[in-house]
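Peer 1: My questions all concern the structure below.
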Amino acid sequence: MSAILEVRDLTRNFGGLAALSDVDMDLETGELVGLIGPNGAGKTTVFNLLTGVYPPSSGTITFTPDDAPIKIGGSRPFDICRAGIARTFQNIRLFKDLSVLENVVTAMQQSQRYGLIASFFHTSAWYRAEQDVRERSLDLLRIMGLEDKSGELARNLSYGEQRHLEIARALATDPRLLLLDEPAAGMNPAETAQLTELIAWIRQNFKLTILLIEHDMSLVMAICERIYVLDHGVVIASGTPHEVRHNPRVIEAYLGEEVTDV
Ligand SMILES: Nc1ncnc2c1ncn2[C@@H]1O[C@H](COP(=O)(O)OP(=O)(O)OP(=O)(O)O)[C@@H](O)[C@H]1O
């Protein structure tokens with residue numbers, strides 16, 4: 001295995017607040033890694049820096065999807081997405097007034113390169129490419145269990161279905177590294193169990209590396225090979241689920257009874 005992501009001394013300040021301080025993190029290609037910590041620990045800020053929402057105050061992020069390392073700290077979100085990092089959001093972000101299928105199609109089109117002339121004159125090559133995007137989008141909806149809903153407006157989906165659609169949109173950009181921000185938030189235990197299996201399946205079949213923020217410990221402990229624990233912007237522990245849930249610093253910081261019970 002080789003490192004697909006190497007984060008060194010990552011720091012982000014908001015005014016006087018150190019949201020992240022000197023964070024180091026390594027992801028091997030193909031790993032499924034959890035990022036946990038109490039509210040306000042800095043988890044989403046890690047995702048925001050990895051996807052270019054904010055530049056780091058200092059530190060480096062090196063993404064190596066293939067052989068050539070890419071320094072992404074400070075790059076634009078669009079370029080980072082093109083390089084192969086996709087994410088979902090804690091607060092679902094969909095085009096609520098587009099159909100389910102159109103939501104995936106628009107995400108997939110972002111990562112397509114049409115020639116200006118082809119898209120302006122709607123050449124036959126353009127039509128073929130559009131058809132291909134539509135078919136691959138339907139395939140993704142099938143995988144996410146949303147095929148029957150492809151014509152529905154996104155706003156009419158249940159909360160759990162909207163979370164599945166977000167993942168389909170992220171997969172549509174053909175990522176190498178997928179960042180999932182609380183994918184099970186708002187789901188009941190049965191939905192969470194189903195999602196847990198789906199995430200493991202996606203990782204395996206799309207040959208993805210996944211970094212997962214999640215408060216639901218049953219999901220984290222079930223599928224993550226390694227876990228990083230943040231508290232007040234600092235990595236206080238990392239290791240296997242077993243190591244992390246028995247780490248006194250972690251228990252004290254936030255997990256307490258919940259993790260020892262898992
Ligand atoms: N754009 C911003 N401006 C100012 N402060 C911010 C900004 N983004 C995050 N913060 C602060 O940085 C800290 C870390 O926030 P972050 O959202 O990364 O935490 P989190 O671990 O994802 O929390 P939660 O589990 O509640 O989502 C918090 O104190 C938050 O208020």
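Every chain in the structure tokens takes a letter, A first, then B, and so on in the order presented; its residues are numbered from 1, and the ligands are numbered from 1 following the presented order.
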Each residue of chain A with at least one atom at most 10 Å from ligand 1 should appear once, together with its nearest atom pair and the corresponding distance in Å (one decimal); atoms considered: only C-alpha atoms and all ligand atoms; ordering: chain, then increasing residue number; output as a tab-separated table.
Peer 2:
```
residue	atom	partner	partner_atom_place_in_ligand_line	distance
A:Arg12	CA	ligand 1	12 (O)	8.5
A:Asn13	CA	ligand 1	12 (O)	7.9
A:Phe14	CA	ligand 1	4 (C)	4.9
A:Gly15	CA	ligand 1	4 (C)	7.3
A:Gly16	CA	ligand 1	5 (N)	9.3
A:Leu17	CA	ligand 1	12 (O)	7.0
A:Ala18	CA	ligand 1	12 (O)	7.2
A:Ala19	CA	ligand 1	12 (O)	4.2
A:Leu20	CA	ligand 1	14 (C)	7.4
A:Leu35	CA	ligand 1	21 (O)	9.0
A:Ile36	CA	ligand 1	21 (O)	7.5
A:Gly37	CA	ligand 1	21 (O)	6.1
A:Pro38	CA	ligand 1	25 (O)	5.8
A:Asn39	CA	ligand 1	26 (O)	3.5
A:Gly40	CA	ligand 1	19 (O)	3.4
A:Ala41	CA	ligand 1	21 (O)	3.7
A:Gly42	CA	ligand 1	18 (O)	3.2
A:Lys43	CA	ligand 1	21 (O)	3.8
A:Thr44	CA	ligand 1	22 (O)	3.7
A:Thr45	CA	ligand 1	18 (O)	3.6
A:Val46	CA	ligand 1	18 (O)	6.6
A:Phe47	CA	ligand 1	18 (O)	8.0
A:Asn48	CA	ligand 1	18 (O)	8.0
A:Leu49	CA	ligand 1	18 (O)	9.8
A:Val53	CA	ligand 1	1 (N)	9.3
A:Tyr54	CA	ligand 1	1 (N)	8.2
A:Gln90	CA	ligand 1	27 (O)	7.3
A:Asn91	CA	ligand 1	27 (O)	9.6
A:Asp181	CA	ligand 1	22 (O)	8.5
A:Glu182	CA	ligand 1	27 (O)	8.5
A:Ile213	CA	ligand 1	22 (O)	8.1
A:Glu214	CA	ligand 1	25 (O)	8.3
A:His215	CA	ligand 1	25 (O)	7.5
A:Val229	CA	ligand 1	21 (O)	9.9
A:Leu230	CA	ligand 1	21 (O)	7.5
A:Asp231	CA	ligand 1	21 (O)	7.9
A:His232	CA	ligand 1	14 (C)	7.5
A:Gly233	CA	ligand 1	14 (C)	6.9
```
Peer 1: Can you write out the residues you just picked, keeping N, CA and C atoms, as a compact mmCIF listing (two decimals), in the first residue's frame?
Peer 2:
```txt
# COMPACT_ATOMS: atom_id res chain seq x y z
N ARG A 12 -5.44 25.64 11.32
CA ARG A 12 -6.38 26.64 10.79
C ARG A 12 -6.91 27.47 11.95
N ASN A 13 -6.69 28.75 11.84
CA ASN A 13 -7.19 29.67 12.85
C ASN A 13 -8.37 30.45 12.29
N PHE A 14 -9.36 30.68 13.11
CA PHE A 14 -10.46 31.60 12.77
C PHE A 14 -10.38 32.72 13.79
N GLY A 15 -9.86 33.88 13.40
CA GLY A 15 -9.62 34.94 14.38
C GLY A 15 -8.70 34.41 15.46
N GLY A 16 -9.13 34.51 16.70
CA GLY A 16 -8.29 34.03 17.81
C GLY A 16 -8.47 32.54 18.10
N LEU A 17 -9.36 31.87 17.36
CA LEU A 17 -9.66 30.46 17.67
C LEU A 17 -8.82 29.52 16.80
N ALA A 18 -8.11 28.60 17.47
CA ALA A 18 -7.35 27.59 16.72
C ALA A 18 -8.27 26.40 16.49
N ALA A 19 -8.92 26.37 15.32
CA ALA A 19 -9.85 25.26 15.02
C ALA A 19 -9.08 23.96 14.82
N LEU A 20 -7.88 24.07 14.26
CA LEU A 20 -6.98 22.90 14.10
C LEU A 20 -5.56 23.34 14.41
N LEU A 35 -12.88 9.62 11.50
CA LEU A 35 -12.41 10.86 12.14
C LEU A 35 -13.49 11.24 13.14
N ILE A 36 -13.18 11.12 14.42
CA ILE A 36 -14.20 11.35 15.43
C ILE A 36 -13.72 12.38 16.45
N GLY A 37 -14.64 12.80 17.29
CA GLY A 37 -14.32 13.79 18.31
C GLY A 37 -15.58 14.53 18.71
N PRO A 38 -15.53 15.19 19.85
CA PRO A 38 -16.73 15.89 20.32
C PRO A 38 -17.13 17.06 19.42
N ASN A 39 -18.30 17.61 19.66
CA ASN A 39 -18.74 18.77 18.88
C ASN A 39 -17.70 19.88 18.96
N GLY A 40 -17.42 20.46 17.80
CA GLY A 40 -16.48 21.58 17.76
C GLY A 40 -15.03 21.16 17.80
N ALA A 41 -14.75 19.85 17.67
CA ALA A 41 -13.36 19.36 17.76
C ALA A 41 -12.52 19.76 16.55
N GLY A 42 -13.18 20.05 15.42
CA GLY A 42 -12.43 20.45 14.22
C GLY A 42 -12.56 19.47 13.06
N LYS A 43 -13.48 18.52 13.17
CA LYS A 43 -13.59 17.47 12.15
C LYS A 43 -13.99 18.05 10.79
N THR A 44 -15.06 18.84 10.79
CA THR A 44 -15.50 19.40 9.50
C THR A 44 -14.48 20.38 8.95
N THR A 45 -13.76 21.03 9.84
CA THR A 45 -12.70 21.94 9.37
C THR A 45 -11.64 21.14 8.60
N VAL A 46 -11.32 19.93 9.06
CA VAL A 46 -10.38 19.08 8.29
C VAL A 46 -10.92 18.89 6.88
N PHE A 47 -12.21 18.53 6.77
CA PHE A 47 -12.81 18.32 5.44
C PHE A 47 -12.78 19.62 4.62
N ASN A 48 -13.08 20.73 5.28
CA ASN A 48 -13.08 22.01 4.55
C ASN A 48 -11.69 22.37 4.02
N LEU A 49 -10.66 22.00 4.75
CA LEU A 49 -9.30 22.28 4.26
C LEU A 49 -8.91 21.29 3.16
N VAL A 53 -12.36 24.55 0.77
CA VAL A 53 -13.34 25.56 1.22
C VAL A 53 -12.59 26.72 1.88
N TYR A 54 -11.58 26.37 2.70
CA TYR A 54 -10.67 27.37 3.26
C TYR A 54 -9.25 26.93 2.99
N GLN A 90 -22.35 17.58 6.10
CA GLN A 90 -23.12 17.34 7.32
C GLN A 90 -24.55 17.83 7.12
N ASN A 91 -24.68 19.04 6.60
CA ASN A 91 -26.00 19.56 6.24
C ASN A 91 -26.18 19.30 4.75
N ASP A 181 -19.20 13.16 5.57
CA ASP A 181 -19.42 13.93 6.80
C ASP A 181 -20.75 13.53 7.43
N GLU A 182 -20.68 12.73 8.46
CA GLU A 182 -21.85 12.24 9.19
C GLU A 182 -22.92 11.63 8.28
N ILE A 213 -16.40 11.03 8.89
CA ILE A 213 -16.75 11.66 10.17
C ILE A 213 -18.09 11.08 10.59
N GLU A 214 -18.17 10.62 11.82
CA GLU A 214 -19.45 10.05 12.24
C GLU A 214 -19.55 10.05 13.76
N HIS A 215 -20.73 10.42 14.24
CA HIS A 215 -20.98 10.36 15.68
C HIS A 215 -21.53 9.00 16.09
N VAL A 229 -8.77 10.61 16.46
CA VAL A 229 -9.64 11.31 17.40
C VAL A 229 -9.13 12.73 17.59
N LEU A 230 -10.02 13.68 17.30
CA LEU A 230 -9.69 15.10 17.49
C LEU A 230 -10.37 15.62 18.74
N ASP A 231 -9.71 16.51 19.43
CA ASP A 231 -10.34 17.24 20.53
C ASP A 231 -9.72 18.63 20.56
N HIS A 232 -10.55 19.65 20.55
CA HIS A 232 -10.07 21.03 20.52
C HIS A 232 -9.01 21.24 19.44
N GLY A 233 -9.23 20.66 18.29
CA GLY A 233 -8.35 20.91 17.14
C GLY A 233 -7.05 20.15 17.15
```
Peer 1: Can you pull out every residue within 10 Å of segment 68-79 of chain A, counting only C-alpha atoms, but drop anything in the same chain fewer than 4 positions away, and send it as a ChimeraX atom specification?
Peer 2: /A:3-7,10,48-64,83-86,110-111
Peer 1: Using DSSP on the backbone, list every residue of segment 27-126 of chain A that comes out as helix (DSSP H, G or I), and give them as a PyMOL selection string.
Peer 2: chain A and resi 43-50+77-83+100-110+116-121+124-126
Peer 1: Determine, counting only C-alpha atoms, which protein, DNA and RNA residues have an atom within 10 Å of an atom of Leu101 of chain A; residues of the same chain fewer than 2 positions away are not included. Present the result as a count of residues only.
Peer 2: 23
Peer 1: Show which residues sit within 6 Å of segment 218-226 of chain A, as a short mmCIF file (atom, residue, chain, number, x, y, z; two decimals) with C-alpha atoms, in the first residue's frame. Count only C-alpha atoms, and ignore same-chain residues fewer than 4 positions away.
Peer 2:
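Contents of part-v7.cif, freshly written:
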```cif
data_model
loop_
_atom_site.label_atom_id
_atom_site.label_comp_id
_atom_site.auth_asym_id
_atom_site.auth_seq_id
_atom_site.Cartn_x
_atom_site.Cartn_y
_atom_site.Cartn_z
CA LEU A 32 -11.45 3.23 5.48
CA VAL A 33 -10.57 5.62 8.29
CA GLY A 34 -12.78 7.31 10.88
CA THR A 196 -22.78 0.66 7.05
CA GLY A 239 -5.25 3.60 16.10
CA THR A 240 -7.55 0.66 15.57
CA PRO A 241 -11.13 0.85 16.87
#
```
Peer 1: Calculated over only C-alpha atoms, which of the candidates A:Arg163, A:His242, A:Arg128, A:Lys96 has the smallest distance to Ala185 of chain A?
Peer 2: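 Using only C-alpha atoms, Ala185 of chain A sits closest to A:Arg163.
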Peer 1: In Å, how far is it from atom CA of Glu252 of chain A to atom CA of Tyr228 of chain A?
Peer 2: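 Between these atoms lies a distance of 15.4 Å.
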Peer 1: Please report the interatomic distance between atom CA of Pro189 of chain A and atom CA of Glu161 of chain A in Å with one decimal.
Peer 2: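 Distance reported for this atom pair: 14.6 Å.
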Peer 1: So what do you get for atom CA of Arg245 of chain A versus atom CA of Ile227 of chain A, distance-wise?
Peer 2: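 That distance, rounded to one decimal, is 9.7 Å.
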Peer 1: Nearest to Thr11 of chain A among A:Leu94, A:Pro248, A:Ile199, A:Val234, with distances taken over only C-alpha atoms: which residue is it?
Peer 2: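 Smallest distance to Thr11 of chain A is found for A:Val234.
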Peer 1: Which polymer residues have any atom within 9 Å of an atom of Tyr159 of chain A, counting only C-alpha atoms, with same-chain residues fewer than 5 positions away left out, as a PyMOL selection string?
Peer 2: chain A and resi 92+164+186-187
Peer 1: For the selection you just gave me, I'd like the residues written to a file as a tab-separated table (two decimals), in the first residue's frame, keeping C-alpha atoms.
Peer 2:
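Output contents, as saved in result33.tsv:
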```tsv
chain	number	residue	atom	x	y	z
A	92	ILE	CA	-27.27	17.93	3.08
A	164	HIS	CA	-27.85	8.32	-0.22
A	186	GLY	CA	-30.75	11.44	11.28
A	187	MET	CA	-31.01	7.76	10.34
```
